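Below: the structure, in structure tokens.
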Amino acid sequence: MRKDLQISNQEIVLHIKDLKKSFGDNHVLKGFNMNLYQGENLVIMGKSGSGKSVMIKCLVGLLEADSGLIRVMNKDITGLDQRALDILRADIGFLFQGSALYDSMTVRENLEFPLRRHKDKFDDNIDTEALVSEALENVGLLNAIDLMPSELSGGMKRRIALARTLILRPKIILYDEPTSGLDPITAKEIILLMQDIQKKYKTSSLIITHDVDCARAISDRMILLIDGIDYATGTFEELASNEDPKIKAFFKH
Amino acid sequence: MKGLQNIKSRILKFLIETGDIATFTSRFFSEVAKRPFEVKELLRQCYQMGNKSLLLVGITGFIIGLVLTLQTRPTLMEFGAESWMPSMVGISIVREIGPIITALVCAGRIGSGIGAELGSMRVTEQIDAMEVSGTNPFKYLVVTRVLAVTLMLPLLVLFGDAIALFGSYLVENLKGDVSFMLYFNKVFDALEFGDIIPATIKSFFFGLAIGIVGCYKGYNCKKGTEGVGKAANSAVVLTSLLLFVIDFIAVFVTDIFYDL
Ligand SMILES: Nc1ncnc2c1ncn2[C@@H]1O[C@H](COP(=O)(O)OP(=O)(O)OP(=O)(O)O)[C@@H](O)[C@H]1O
Ligand SMILES: [Mg+2]
């Protein structure tokens, strides 16, 4: 576990300040703040419907924030045109809550899909085949290459989705509830995989979860998203021993 | 009072949706000409849509031709006018029945399919996933599908017309001993370009309506599994209604040209 002091010397790769987002009368985010430092694993916890998914969708420009500042690797995403946004997005991997594999494509085609527009990220003579195999090997599912998503189990889908986000070698990975809907053993495997990936590619990760075990295993630092704001920040141990009833509610079983 | 409120909010909802569809349509036209063109996906969609509806269009066309001829025969015979059968059936099928029946069948088959497919892609965040991986999902999913139906529908209409005429010929052949050559000579004598061109133009618009409404409903699908069902269902209902409106306008416009 790293200390806050050490972290604060490091470069900030994601920065959110005073983010607000409403849907009609439903004020979901009411001034959320966050920093993600280079190389760290930051876990965001919050109740279902608290706006965690909305927050990371604002982060990659899938949703437009009402107000607030969002900087990704020192670029303000609100001012970017489509091309610049696409280039920036190639550095951010996004693992969706339900895996979001393309149903009508095989695993191979799913993995090749991000390469369609981002070939320029690699040398001219890249071998698509090799990239796909490497990404699948990383998640241990090379033999599933010609299967359709409907033929995969939930855990396998999650791994393939992870392979698909890895194929562009992102510098930052956003995980939206990577272990939700999985049994504890499979969830454990996914967590181990995430740790392997972080070691291998030196990525910075933002992990959204309500799984306490996942948070304990992977977090360097945590933020609790309560009532639309960053209610509390700290290491797992600090927050778990906090006496505030709103915070306590997350950690008791 | 409550009833009045209800009607008011329904009218408002209808107007808002009409505006949304108009915006969606104009976005289609502005993106269709922009690079990059998703040619491979377009061809795949054309093939799939044609393949999916060919049998259905064929069967409905065949039955329509059969039934139309069987039911008109006695009346024409009463006046001793059964030799007019090929021209009458030919004109009514090519001008009106072929396009509208084919379009309705395709609204059920293709339109609902698009609504459900895009709807489930929206709900399971596949559309979001496409967007973050650098592919414009509107171009990749919507533009290709709308173009594919618009291009395929006139072809399917021609195919449906041909099968319907063949069905009609079979009845004539069995009941009135009319030969294949004689029957189709009479059909083509009766038909003019003035019948085929407007019908084909009309079919393009039918295809456009099926594609736009199906894609609009799916692309803007509400969360949850019932959202997908609703998208598919309302795509068919709205398209069917729209097809008759387009048909009415088309007949109206063609009529003006005939008068000139
Ligand atoms: N596109 C949208 N339109 C309208 N409301 C939305 C939209 N997306 C999210 N919301 C609303 O925003 C709130 C937060 O949703 P969000 O999906 O971010 O929750 P979450 O924290 O990710 O929950 P979960 O843990 O269940 O995934 C919910 O009340 C939801 O209804
Ligand atoms: Mg969520």
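Labels for the structure tokens follow display order: chains A, B, ..., residues from 1 in each chain, ligands from 1.
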Residues of chain A were defined as contacting chain B if any atom lay at most 6 Å from it, counting only C-alpha atoms; please report them as an mmCIF file with N, CA, C and O atoms, in the first residue's frame.
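File written: out-v5.cif
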```
data_model
loop_
_atom_site.group_PDB
_atom_site.id
_atom_site.type_symbol
_atom_site.label_atom_id
_atom_site.label_comp_id
_atom_site.auth_asym_id
_atom_site.auth_seq_id
_atom_site.Cartn_x
_atom_site.Cartn_y
_atom_site.Cartn_z
ATOM 1 N N ASP A 86 -11.190 10.986 -30.197
ATOM 2 C CA ASP A 86 -10.933 9.587 -30.550
ATOM 3 C C ASP A 86 -9.502 9.193 -30.212
ATOM 4 O O ASP A 86 -9.255 8.105 -29.695
ATOM 5 N N ALA A 100 -20.361 -5.813 -22.626
ATOM 6 C CA ALA A 100 -20.641 -5.112 -23.886
ATOM 7 C C ALA A 100 -19.885 -5.685 -25.076
ATOM 8 O O ALA A 100 -19.409 -4.951 -25.939
ATOM 9 N N PRO A 114 -11.551 -2.479 -32.309
ATOM 10 C CA PRO A 114 -10.875 -1.216 -31.943
ATOM 11 C C PRO A 114 -9.707 -0.886 -32.868
ATOM 12 O O PRO A 114 -9.329 0.269 -32.996
ATOM 13 N N ARG A 117 -9.878 1.699 -36.399
ATOM 14 C CA ARG A 117 -9.633 3.140 -36.476
ATOM 15 C C ARG A 117 -8.301 3.553 -35.863
ATOM 16 O O ARG A 117 -7.927 4.698 -35.923
#
```
Selection: 9 Å around segment 215-218 of chain A, only C-alpha atoms, excl. self and same-chain fewer than 4 positions, as a VMD selection string: chain A and resid 41 to 45 191 to 192 194 to 195 207 to 211 222 236 to 237
Excluding Leu80 of chain A and its own-chain neighbours fewer than 5 positions away, which residues fall within 12 Å of it when counting only C-alpha atoms? Please give them as a ChimeraX atom specification. /A:60-61,70-72,75,85-89
Dump of C-alpha atoms for the selected residues, as a JSON list (two decimals), in the first residue's frame:
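Output file selection-v9.json is given in full below:
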```
[["chain", "number", "residue", "atom", "x", "y", "z"],
["A", 60, "VAL", "CA", -14.72, 9.62, -21.71],
["A", 61, "GLY", "CA", -17.23, 11.99, -23.26],
["A", 70, "ILE", "CA", -12.54, 17.07, -16.67],
["A", 71, "ARG", "CA", -8.90, 16.68, -17.64],
["A", 72, "VAL", "CA", -7.53, 13.47, -19.10],
["A", 75, "LYS", "CA", -6.26, 17.69, -21.86],
["A", 85, "LEU", "CA", -11.34, 12.88, -28.66],
["A", 86, "ASP", "CA", -10.93, 9.59, -30.55],
["A", 87, "ILE", "CA", -7.16, 9.78, -30.22],
["A", 88, "LEU", "CA", -7.45, 10.46, -26.51],
["A", 89, "ARG", "CA", -9.92, 7.62, -26.09]]
```
What's the 9 Å shell around Leu158 of chain B, counting only C-alpha atoms, without same-chain residues fewer than 3 positions away, as an NGL selection string? :B and (94 or 98-99 or 153-155 or 161-163 or 200)
Kindly provide, as a list of chain:residue names, all nucleotide and amino acid residues lying within 9 Å of ligand 2, counting only C-alpha atoms and all ligand atoms.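 Taking only C-alpha atoms and all ligand atoms into account, the residues around ligand 2 at most 9 Å away are A:Ser48, A:Gly49, A:Ser50, A:Gly51, A:Lys52, A:Ser53, A:Val54, A:Phe96, A:Gln97, A:Asp176, A:Glu177, A:Ile208, A:Thr209.
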Write a file of the selected residues as a PDB file, in the first residue's frame, keeping C-alpha atoms.
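Wrote out.pdb, looks like this:
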```
ATOM      1  CA  SER A  48     -26.446   1.379  -6.829  1.00  0.00           C
ATOM      2  CA  GLY A  49     -27.821   4.382  -8.677  1.00  0.00           C
ATOM      3  CA  SER A  50     -25.427   6.828  -7.031  1.00  0.00           C
ATOM      4  CA  GLY A  51     -24.003   7.858 -10.395  1.00  0.00           C
ATOM      5  CA  LYS A  52     -20.776   5.896 -10.684  1.00  0.00           C
ATOM      6  CA  SER A  53     -21.417   4.864 -14.255  1.00  0.00           C
ATOM      7  CA  VAL A  54     -22.591   8.364 -15.120  1.00  0.00           C
ATOM      8  CA  PHE A  96     -18.215  -1.898 -19.413  1.00  0.00           C
ATOM      9  CA  GLN A  97     -20.462  -3.092 -16.616  1.00  0.00           C
ATOM     10  CA  ASP A 176     -17.099  -0.372 -14.357  1.00  0.00           C
ATOM     11  CA  GLU A 177     -17.911  -3.045 -11.780  1.00  0.00           C
ATOM     12  CA  ILE A 208     -15.792   1.148  -9.761  1.00  0.00           C
ATOM     13  CA  THR A 209     -17.205  -1.520  -7.529  1.00  0.00           C
TER      14      THR A 209
END
```
Would you list, as a PyMOL selection string, the residues of segment 59-240 of chain A that end up in strand (DSSP E or B) under DSSP run on this structure's backbone? chain A and resi 67-72+75-76+92-95+172-176+204-209+221-226+229-234
Return as JSON lines the residues of chain B lying at most 10 Å from ligand 1, together with the closest atom-to-atom pair for each and the distance in Å to one decimal, counting only C-alpha atoms and all ligand atoms, with rows in chain order and ascending residue number.
```
{"residue": "B:Asn220", "atom": "CA", "partner": "ligand 1", "partner_atom_place_in_ligand_line": "1 (N)", "distance": 9.8}
{"residue": "B:Lys222", "atom": "CA", "partner": "ligand 1", "partner_atom_place_in_ligand_line": "1 (N)", "distance": 8.4}
{"residue": "B:Lys223", "atom": "CA", "partner": "ligand 1", "partner_atom_place_in_ligand_line": "1 (N)", "distance": 8.3}
```
For those residues, write C-alpha atoms to a file as an mmCIF file, in the first residue's frame.
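Dumped to part06.cif:
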```
data_model
loop_
_atom_site.group_PDB
_atom_site.id
_atom_site.type_symbol
_atom_site.label_atom_id
_atom_site.label_comp_id
_atom_site.auth_asym_id
_atom_site.auth_seq_id
_atom_site.Cartn_x
_atom_site.Cartn_y
_atom_site.Cartn_z
ATOM 1 C CA ASN B 220 -32.876 5.668 -28.554
ATOM 2 C CA LYS B 222 -34.834 2.961 -22.991
ATOM 3 C CA LYS B 223 -32.893 0.923 -20.458
#
```
May I have the residues within 7 Å of segment 87-91 of chain B as a ChimeraX atom specification, using only C-alpha atoms and disregarding those fewer than 6 positions away in the same chain? /B:165,186-187,190-191
